[in-house]
$ cat query_7.tsv   # TSV, C-alpha atoms
chain	number	residue	atom	x	y	z
A	1	MET	CA	161.02	127.78	154.07
A	2	ILE	CA	158.24	125.61	152.67
A	3	THR	CA	155.81	124.23	155.17
A	4	SER	CA	156.26	120.57	155.98
A	5	THR	CA	153.84	118.30	154.12
A	6	ASN	CA	153.27	116.19	157.22
A	7	THR	CA	151.58	118.82	159.38
A	8	VAL	CA	148.10	118.95	157.83
A	9	ALA	CA	146.69	115.86	159.54
A	10	ALA	CA	147.49	117.30	162.96
A	11	THR	CA	145.05	120.19	162.33
A	12	GLU	CA	142.06	117.87	161.76
A	13	PRO	CA	139.35	118.92	164.27
A	14	PRO	CA	138.35	116.26	166.83
A	15	LEU	CA	134.99	114.53	166.70
A	16	SER	CA	132.18	115.66	168.95
A	17	THR	CA	130.42	113.12	171.16
A	18	GLU	CA	127.42	113.20	168.82
A	19	GLN	CA	129.59	112.58	165.75
A	20	LEU	CA	131.46	109.72	167.38
A	21	LEU	CA	128.27	108.00	168.54
A	22	ALA	CA	126.67	108.45	165.10
A	23	GLY	CA	129.72	106.92	163.46
A	24	LEU	CA	129.77	103.95	165.82
A	25	ARG	CA	126.04	103.35	165.32
A	26	THR	CA	126.52	103.37	161.56
A	27	VAL	CA	129.39	100.90	161.68
A	28	GLY	CA	127.50	98.63	164.07
A	29	GLU	CA	125.87	96.47	161.37
A	30	ASP	CA	127.24	93.35	159.69
A	31	THR	CA	127.01	94.38	156.04
A	32	ARG	CA	128.28	97.90	156.65
A	33	LEU	CA	131.29	96.62	158.57
A	34	ARG	CA	132.07	94.18	155.74
A	35	LEU	CA	131.78	97.01	153.22
A	36	LEU	CA	134.24	99.14	155.19
A	37	ALA	CA	136.69	96.23	155.37
A	38	LEU	CA	136.50	95.84	151.58
A	39	LEU	CA	136.93	99.57	150.99
A	40	ALA	CA	140.09	99.50	153.07
A	41	ASP	CA	141.64	97.62	150.13
A	42	GLY	CA	140.54	100.12	147.49
A	43	GLU	CA	137.62	101.60	145.59
A	44	LEU	CA	134.45	99.67	144.82
A	45	THR	CA	131.27	100.22	142.84
A	46	VAL	CA	127.82	99.06	143.94
A	47	LYS	CA	128.08	96.32	141.31
A	48	ASP	CA	131.40	95.15	142.80
A	49	ALA	CA	129.91	95.05	146.29
A	50	THR	CA	126.80	93.15	145.22
A	51	THR	CA	128.97	90.52	143.52
A	52	ILE	CA	131.29	90.13	146.49
A	53	LEU	CA	128.69	90.18	149.26
A	54	GLY	CA	125.94	88.37	147.33
A	55	GLN	CA	123.31	90.92	148.28
A	56	SER	CA	120.85	92.94	146.21
A	57	GLN	CA	121.71	96.25	144.60
A	58	PRO	CA	119.11	98.25	146.59
A	59	ARG	CA	120.38	96.80	149.88
A	60	ILE	CA	124.02	97.57	149.09
A	61	SER	CA	123.13	101.06	147.86
A	62	ARG	CA	121.24	101.75	151.07
A	63	HIS	CA	124.18	100.69	153.26
A	64	LEU	CA	126.65	102.76	151.22
A	65	LYS	CA	124.34	105.75	151.45
A	66	LEU	CA	124.30	105.53	155.25
A	67	LEU	CA	128.09	105.13	155.40
A	68	THR	CA	128.51	108.13	153.10
A	69	GLU	CA	126.13	110.31	155.10
A	70	ALA	CA	128.12	109.49	158.25
A	71	GLY	CA	131.35	110.58	156.56
A	72	LEU	CA	132.88	107.11	156.86
A	73	VAL	CA	132.85	106.65	153.08
A	74	GLN	CA	133.23	109.00	150.10
A	75	ARG	CA	131.48	108.63	146.74
A	76	PHE	CA	132.87	109.73	143.37
A	77	PRO	CA	130.47	109.72	140.39
A	78	GLU	CA	132.01	108.69	137.06
A	79	GLY	CA	129.42	108.95	134.34
A	80	ALA	CA	126.78	106.34	135.06
A	81	TRP	CA	129.03	104.73	137.70
A	82	VAL	CA	129.83	105.73	141.27
A	83	PHE	CA	133.00	104.66	143.05
A	84	TYR	CA	133.22	104.44	146.85
A	85	ARG	CA	136.27	104.60	149.09
A	86	LEU	CA	137.02	105.16	152.77
A	87	GLY	CA	136.47	108.75	153.81
A	88	ASP	CA	139.12	111.33	154.62
A	89	GLY	CA	139.30	113.34	157.80
A	90	ALA	CA	138.33	112.33	161.31
A	91	MET	CA	135.49	109.98	160.34
A	92	GLY	CA	137.72	108.15	157.88
A	93	ASP	CA	140.34	107.84	160.61
A	94	LEU	CA	137.68	106.38	162.91
A	95	ALA	CA	136.82	103.75	160.28
A	96	ARG	CA	140.47	102.82	159.85
A	97	LEU	CA	140.98	102.58	163.61
A	98	LEU	CA	138.01	100.21	163.99
A	99	LEU	CA	139.14	98.09	161.04
A	100	SER	CA	142.62	97.77	162.53
A	101	ARG	CA	141.07	95.89	165.49
A	102	LEU	CA	139.42	93.24	163.30
A	103	ASP	CA	140.84	89.73	163.11
A	104	PRO	CA	142.12	89.36	159.52
A	105	SER	CA	141.53	85.59	159.70
A	106	ASP	CA	137.82	86.01	160.39
A	107	PRO	CA	136.13	83.53	157.99
A	108	VAL	CA	133.51	86.02	156.76
A	109	LEU	CA	136.09	88.70	155.98
A	110	SER	CA	138.46	86.14	154.47
A	111	GLY	CA	135.70	84.96	152.13
A	112	ASP	CA	135.00	88.56	151.12
A	113	ARG	CA	138.67	89.08	150.29
A	114	VAL	CA	138.71	85.94	148.12
A	115	ARG	CA	135.73	87.22	146.13
A	116	LEU	CA	137.33	90.69	145.93
A	117	ALA	CA	140.45	89.12	144.41
A	118	ALA	CA	138.31	87.24	141.88
A	119	THR	CA	136.53	90.47	140.93
A	120	ARG	CA	139.85	92.21	140.40
A	121	ARG	CA	141.12	89.35	138.24
A	122	ALA	CA	138.05	89.66	136.03
A	123	LYS	CA	138.68	93.40	135.67
A	124	ALA	CA	142.34	92.79	134.83
A	125	GLU	CA	141.27	90.40	132.07
A	126	ALA	CA	138.86	93.01	130.72
A	127	ALA	CA	141.62	95.62	130.85
A	128	ALA	CA	143.95	93.31	128.94
A	129	ALA	CA	141.30	92.89	126.25
A	130	PHE	CA	140.97	96.68	126.03
A	131	PHE	CA	144.76	97.00	125.66
A	132	ALA	CA	144.70	94.40	122.90
A	133	SER	CA	142.00	96.29	121.00
A	134	ARG	CA	144.09	99.49	121.14
A	135	ALA	CA	147.58	97.97	120.93
A	136	LYS	CA	148.15	98.66	117.24
A	137	THR	CA	147.29	102.34	117.56
A	138	TRP	CA	149.27	102.86	120.76
A	139	ASP	CA	152.34	101.04	119.48
A	140	GLN	CA	152.30	103.17	116.33
A	141	GLU	CA	152.13	106.38	118.33
A	142	ARG	CA	154.86	105.28	120.75
A	143	SER	CA	157.14	104.43	117.83
A	144	LEU	CA	156.87	108.02	116.62
A	145	HIS	CA	158.98	109.50	119.41
A	146	VAL	CA	162.02	108.77	121.53
A	147	PRO	CA	161.79	105.67	123.78
A	148	GLU	CA	159.54	106.06	126.80
A	149	ALA	CA	162.37	104.86	129.05
A	150	ALA	CA	164.40	107.94	128.10
A	151	VAL	CA	161.40	110.19	128.75
A	152	GLU	CA	160.80	108.63	132.18
A	153	ALA	CA	164.48	108.91	133.12
A	154	THR	CA	164.44	112.64	132.32
A	155	ILE	CA	161.21	113.12	134.27
A	156	ARG	CA	162.78	111.47	137.31
A	157	GLU	CA	165.90	113.62	136.95
A	158	LEU	CA	163.93	116.87	136.75
A	159	VAL	CA	161.56	116.08	139.63
A	160	GLY	CA	164.28	114.56	141.82
A	161	ASP	CA	163.91	111.91	144.48
A	162	ARG	CA	162.75	113.98	147.45
A	163	PRO	CA	159.41	112.84	148.93
A	164	PHE	CA	156.32	115.01	148.61
A	165	ARG	CA	152.79	114.77	149.91
A	166	SER	CA	150.45	114.69	146.92
A	167	LEU	CA	150.58	113.92	143.19
A	168	LEU	CA	147.83	114.91	140.76
A	169	ASP	CA	148.20	113.24	137.35
A	170	LEU	CA	145.91	114.90	134.80
A	171	GLY	CA	144.94	112.73	131.85
A	172	THR	CA	146.37	109.80	133.76
A	173	GLY	CA	145.67	107.27	130.99
A	174	THR	CA	147.04	103.95	132.18
A	175	GLY	CA	148.40	105.45	135.44
A	176	SER	CA	152.04	105.23	134.33
A	177	LEU	CA	153.21	108.36	136.18
A	178	ILE	CA	151.45	107.29	139.37
A	179	SER	CA	153.52	104.11	139.09
A	180	LEU	CA	156.70	106.01	138.18
A	181	PHE	CA	156.61	108.14	141.35
A	182	ALA	CA	155.45	105.34	143.68
A	183	GLY	CA	157.31	105.60	146.97
A	184	GLN	CA	157.78	109.40	146.76
A	185	TYR	CA	154.24	110.63	147.44
A	186	ASP	CA	151.95	110.15	150.43
A	187	GLN	CA	148.91	110.05	148.15
A	188	ALA	CA	148.21	110.24	144.43
A	189	LEU	CA	145.14	111.01	142.34
A	190	GLY	CA	144.80	110.38	138.62
A	191	LEU	CA	142.06	112.07	136.59
A	192	ASP	CA	140.97	111.12	133.08
A	193	ALA	CA	137.92	111.75	130.91
A	194	SER	CA	137.91	108.20	129.54
A	195	HIS	CA	136.17	105.52	131.58
A	196	ASP	CA	137.93	102.81	129.53
A	197	MET	CA	141.36	104.25	130.31
A	198	LEU	CA	140.47	104.49	134.00
A	199	THR	CA	139.55	100.80	133.93
A	200	VAL	CA	143.02	100.06	132.60
A	201	ALA	CA	144.65	102.34	135.18
A	202	ARG	CA	142.77	100.73	138.08
A	203	ALA	CA	143.84	97.27	136.94
A	204	ASN	CA	147.47	98.36	136.60
A	205	LEU	CA	147.63	100.05	140.00
A	206	ALA	CA	145.83	97.19	141.76
A	207	ARG	CA	148.22	94.67	140.19
A	208	GLN	CA	151.17	96.68	141.53
A	209	GLY	CA	149.63	96.79	145.00
A	210	LEU	CA	149.97	100.58	145.26
A	211	LYS	CA	148.30	102.13	148.30
A	212	ASN	CA	146.94	105.63	148.88
A	213	VAL	CA	146.21	106.07	145.19
A	214	GLN	CA	142.97	106.52	143.31
A	215	VAL	CA	141.82	107.40	139.82
A	216	ARG	CA	138.62	109.22	138.92
A	217	GLN	CA	136.83	110.60	135.94
A	218	GLY	CA	137.22	114.35	135.75
A	219	ASP	CA	137.13	117.46	133.59
A	220	ILE	CA	140.60	118.86	133.02
A	221	TYR	CA	139.09	122.33	132.58
A	222	ALA	CA	137.16	122.20	135.87
A	223	LEU	CA	139.07	120.12	138.39
A	224	ASN	CA	136.96	118.78	141.23
A	225	VAL	CA	139.76	119.06	143.79
A	226	PRO	CA	140.46	121.80	146.34
A	227	ALA	CA	142.51	124.84	145.38
A	228	GLU	CA	146.17	124.78	146.43
A	229	SER	CA	146.01	121.08	147.28
A	230	HIS	CA	148.83	119.32	145.36
A	231	ASP	CA	152.63	119.45	145.42
A	232	LEU	CA	153.27	117.95	141.97
A	233	ILE	CA	150.87	118.06	139.02
A	234	THR	CA	151.67	116.22	135.80
A	235	LEU	CA	150.36	116.50	132.23
A	236	HIS	CA	151.96	113.67	130.28
A	237	GLN	CA	151.14	113.65	126.55
A	238	VAL	CA	147.77	115.28	127.23
A	239	LEU	CA	147.78	118.86	125.96
A	240	HIS	CA	147.98	117.98	122.27
A	241	PHE	CA	144.51	116.39	122.57
A	242	LEU	CA	142.95	119.61	123.93
A	243	ASP	CA	141.31	122.51	122.14
A	244	ASP	CA	142.47	124.96	124.84
A	245	PRO	CA	145.77	123.87	126.45
A	246	GLY	CA	146.30	127.26	128.08
A	247	ARG	CA	143.04	126.96	129.98
A	248	ALA	CA	144.04	123.50	131.24
A	249	ILE	CA	147.37	124.89	132.47
A	250	GLU	CA	145.59	127.73	134.31
A	251	GLU	CA	143.29	125.22	136.00
A	252	ALA	CA	146.25	123.05	137.02
A	253	ALA	CA	148.01	126.10	138.48
A	254	ARG	CA	144.89	126.87	140.54
A	255	VAL	CA	145.17	123.61	142.48
A	256	LEU	CA	148.95	123.78	142.89
A	257	ARG	CA	150.26	124.42	146.40
A	258	PRO	CA	152.55	127.41	147.00
A	259	GLY	CA	155.99	126.25	145.90
A	260	GLY	CA	154.46	123.28	144.08
A	261	ARG	CA	155.55	122.12	140.62
A	262	LEU	CA	153.84	121.48	137.30
A	263	LEU	CA	155.45	118.99	134.92
A	264	ILE	CA	154.38	118.94	131.26
A	265	VAL	CA	155.49	116.32	128.74
A	266	ASP	CA	154.47	116.74	125.10
A	267	PHE	CA	155.73	116.93	121.53
A	268	ALA	CA	157.83	119.67	119.99
A	269	PRO	CA	156.31	121.19	116.83
A	270	HIS	CA	156.01	118.70	113.95
A	271	ALA	CA	154.20	118.24	110.66
A	272	LEU	CA	152.58	114.80	110.97
A	273	GLU	CA	149.09	115.79	109.90
A	274	PHE	CA	147.79	112.20	109.96
A	275	LEU	CA	147.86	112.35	113.76
A	276	ARG	CA	144.84	114.64	113.68
A	277	ASP	CA	142.60	112.00	112.11
A	278	ALA	CA	144.30	108.77	113.19
A	279	HIS	CA	144.97	109.77	116.82
A	280	ALA	CA	142.62	112.71	117.48
A	281	HIS	CA	145.48	115.17	118.04
A	282	ARG	CA	144.30	118.78	118.16
A	283	ARG	CA	147.79	120.34	118.24
A	284	LEU	CA	150.87	119.26	116.30
A	285	GLY	CA	153.31	119.94	119.11
A	286	PHE	CA	154.22	123.07	121.08
A	287	ALA	CA	156.99	125.60	120.70
A	288	HIS	CA	158.97	126.66	123.75
A	289	GLU	CA	157.72	130.24	123.47
A	290	GLN	CA	154.06	129.22	123.36
A	291	MET	CA	154.26	126.89	126.35
A	292	GLU	CA	156.29	129.33	128.40
A	293	ARG	CA	153.73	132.07	127.70
A	294	TRP	CA	150.90	129.88	128.94
A	295	LEU	CA	152.89	129.02	132.07
A	296	ARG	CA	153.67	132.69	132.80
A	297	GLU	CA	150.03	133.68	132.26
A	298	ALA	CA	149.07	131.01	134.80
A	299	GLY	CA	151.38	132.68	137.34
A	300	LEU	CA	154.11	130.01	137.21
A	301	ASP	CA	157.87	130.33	136.81
A	302	VAL	CA	159.55	128.14	134.20
A	303	VAL	CA	162.31	126.20	135.96
A	304	GLU	CA	163.68	124.13	133.08
A	305	THR	CA	162.89	122.97	129.56
A	306	ARG	CA	164.34	119.81	128.01
A	307	ASP	CA	164.14	118.60	124.42
A	308	LEU	CA	164.62	114.87	123.86
A	309	HIS	CA	165.66	114.46	120.24
A	310	PRO	CA	165.59	111.19	118.29
A	311	GLU	CA	168.88	109.34	117.89
A	312	ALA	CA	170.92	109.61	114.71
A	313	GLY	CA	169.19	107.73	111.91
A	314	GLU	CA	165.74	108.26	113.46
A	315	ALA	CA	164.94	111.61	111.92
A	316	ASP	CA	161.36	110.51	111.27
A	317	ARG	CA	160.63	110.31	114.99
A	318	LEU	CA	159.21	113.16	117.04
A	319	THR	CA	161.06	115.25	119.59
A	320	VAL	CA	159.59	115.15	123.10
A	321	THR	CA	159.80	118.32	125.20
A	322	ILE	CA	159.53	118.42	128.99
A	323	TRP	CA	158.73	121.62	130.86
A	324	LEU	CA	159.07	121.99	134.63
A	325	ALA	CA	157.42	125.04	136.22
A	326	ARG	CA	156.97	126.14	139.82
A	327	ASP	CA	154.50	128.20	141.79
A	328	PRO	CA	156.64	131.16	142.96
A	329	ARG	CA	154.86	131.57	146.28
A	330	ILE	CA	156.77	130.44	149.34
A	331	VAL	CA	155.14	129.56	152.65
A	332	SER	CA	157.35	130.19	155.66
A	333	ASP	CA	156.87	128.52	159.00
A	334	LEU	CA	159.28	130.90	160.71
A	335	PRO	CA	157.85	133.64	162.96
A	336	GLU	CA	158.00	137.15	161.53
A	337	LEU	CA	160.71	139.33	163.01
A	338	ASN	CA	159.72	142.61	164.67
A	339	LEU	CA	162.44	144.84	163.28
A	340	THR	CA	161.37	147.78	165.44
A	341	GLN	CA	161.88	145.89	168.69
A	342	GLU	CA	164.87	147.04	170.70
A	343	VAL	CA	167.58	144.49	171.33
A	344	ALA	CA	167.96	143.75	175.02
$ encode --input "query_7.tsv" --output "structure tokens"
Amino acid sequence: MITSTNTVAATEPPLSTEQLLAGLRTVGEDTRLRLLALLADGELTVKDATTILGQSQPRISRHLKLLTEAGLVQRFPEGAWVFYRLGDGAMGDLARLLLSRLDPSDPVLSGDRVRLAATRRAKAEAAAAFFASRAKTWDQERSLHVPEAAVEATIRELVGDRPFRSLLDLGTGTGSLISLFAGQYDQALGLDASHDMLTVARANLARQGLKNVQVRQGDIYALNVPAESHDLITLHQVLHFLDDPGRAIEEAARVLRPGGRLLIVDFAPHALEFLRDAHAHRRLGFAHEQMERWLREAGLDVVETRDLHPEAGEADRLTVTIWLARDPRIVSDLPELNLTQEVA
């Protein structure tokens, strides 16, 4: 049977005395403690922190550097920007434990949260402006295929409602699939090459109040995540933008856990050439045989393929195809039987 997804945390090695003391010394400073409290609510940039705390950029950068070196905070570069969040592992757990003992009504921390909320509102307004500037193009593309509600309903049906540990959404765009599966995963990560789209995704996810989620800039051909680390990986309307979809599928399979699933949503073959220039499409849809070959070459088994055709009278709309594949490896937590042992 497949190993439980709730057993990994129990294997985290304990902190040594030296590590614990170093962590406590690092936290034991006013600005660094305030930074940790802010990061408990989500990712921040240096610019965010300087605005909220009213301190200089060099000072904030220095404090974040010390927190990062201690393992209490993680940094994720995104082009010219760097995002910070609470660390994983034992040091991150230490930070969360200390923060849980703080009085939430503390006036300093309360003031920080008010300024954090104002910063998020400003980002949401900027995201709305970005949506407005792209609305005409996006609405045109959406109108070319079956309604998104039908696509999402089929995705939910194929994946099912059982909980799983980790979701990796490649080409996350606005974060729609992270929202769709909210409540099923323990943690979710969305990767996208576009900083503008990640700004939109962050605003959407923050507005929904989703926890244990993050989005980062990343290269779909060279994923900066550990091998065999995710239970469900999704590629929603992404592959037709790529020059080498097969390579992206192989890279996704590399970071799929044994028994994990890969979900691909894209167009069936079509002849709308204007999409190449107007929407930067590299591929005009994918045939079943082509996609299934890529999946097999990546070492995955095709579980199911669904075509969502336009309704009668909508022959000018595109067909959406959904592929669900699975890593065939199974991890058993049962002890091996010694078949040569005599029965008492």
$ residues_around --input "query_7.tsv" --residues "A:Gln208" --least-positions-apart "5" --cutoff "12 Å" --atoms "only C-alpha atoms" --output "list in words"
Ala124, Gly175, Ser176, Ile178, Ser179, Leu180, Ala182, Ala201, Arg202, Ala203 and Val213 of chain A
$ residues_around --input "query_7.tsv" --residues "A:Gly42" --least-positions-apart "2" --cutoff "9 Å" --atoms "all atoms listed in the file" --output "PyMOL selection string"
chain A and resi 38-40+44+84-86+206+211-214
$ write_last_selection --input "query_7.tsv" --atoms "C-alpha atoms" --output "PDB file, keeping the file's coordinate frame"
ATOM      1  CA  LEU A  38     136.500  95.840 151.580  1.00  0.00           C
ATOM      2  CA  LEU A  39     136.930  99.570 150.990  1.00  0.00           C
ATOM      3  CA  ALA A  40     140.090  99.500 153.070  1.00  0.00           C
ATOM      4  CA  LEU A  44     134.450  99.670 144.820  1.00  0.00           C
ATOM      5  CA  TYR A  84     133.220 104.440 146.850  1.00  0.00           C
ATOM      6  CA  ARG A  85     136.270 104.600 149.090  1.00  0.00           C
ATOM      7  CA  LEU A  86     137.020 105.160 152.770  1.00  0.00           C
ATOM      8  CA  ALA A 206     145.830  97.190 141.760  1.00  0.00           C
ATOM      9  CA  LYS A 211     148.300 102.130 148.300  1.00  0.00           C
ATOM     10  CA  ASN A 212     146.940 105.630 148.880  1.00  0.00           C
ATOM     11  CA  VAL A 213     146.210 106.070 145.190  1.00  0.00           C
ATOM     12  CA  GLN A 214     142.970 106.520 143.310  1.00  0.00           C
TER      13      GLN A 214
END
$ residues_around --input "query_7.tsv" --residues "A:Leu20" --least-positions-apart "5" --cutoff "10 Å" --atoms "all atoms listed in the file" --output "PyMOL selection string"
chain A and resi 14-15+25-26+70+90-91+94
$ residues_around --input "query_7.tsv" --residues "A:Leu168" --least-positions-apart "5" --cutoff "9 Å" --atoms "all atoms listed in the file" --output "list in words"
Ile178, Gln187, Ala188, Leu189, Gly190, Leu191, His230, Asp231, Leu232, Ile233 and Thr234 of chain A
$ write_last_selection --input "query_7.tsv" --atoms "C-alpha atoms" --output "compact mmCIF listing (two decimals), keeping the file's coordinate frame"
# COMPACT_ATOMS: atom_id res chain seq x y z
CA ILE A 178 151.45 107.29 139.37
CA GLN A 187 148.91 110.05 148.15
CA ALA A 188 148.21 110.24 144.43
CA LEU A 189 145.14 111.01 142.34
CA GLY A 190 144.80 110.38 138.62
CA LEU A 191 142.06 112.07 136.59
CA HIS A 230 148.83 119.32 145.36
CA ASP A 231 152.63 119.45 145.42
CA LEU A 232 153.27 117.95 141.97
CA ILE A 233 150.87 118.06 139.02
CA THR A 234 151.67 116.22 135.80
$ closest_residue --input "query_7.tsv" --among "A:Gly171, A:Gly183, A:Gly23, A:Gly246" --to "A:Ile220" --atoms "all atoms listed in the file"
A:Gly171
$ closest_residue --input "query_7.tsv" --among "A:Leu144, A:Arg121, A:Leu235, A:Glu250" --to "A:Asn204" --atoms "all atoms listed in the file"
A:Arg121
$ atom_distance --input "query_7.tsv" --atom1 "atom CA of A:Met197" --atom2 "atom CA of A:Ala129"
12.1 Å
$ atom_distance --input "query_7.tsv" --atom1 "atom CA of A:Thr305" --atom2 "atom CA of A:Ile249"
15.9 Å
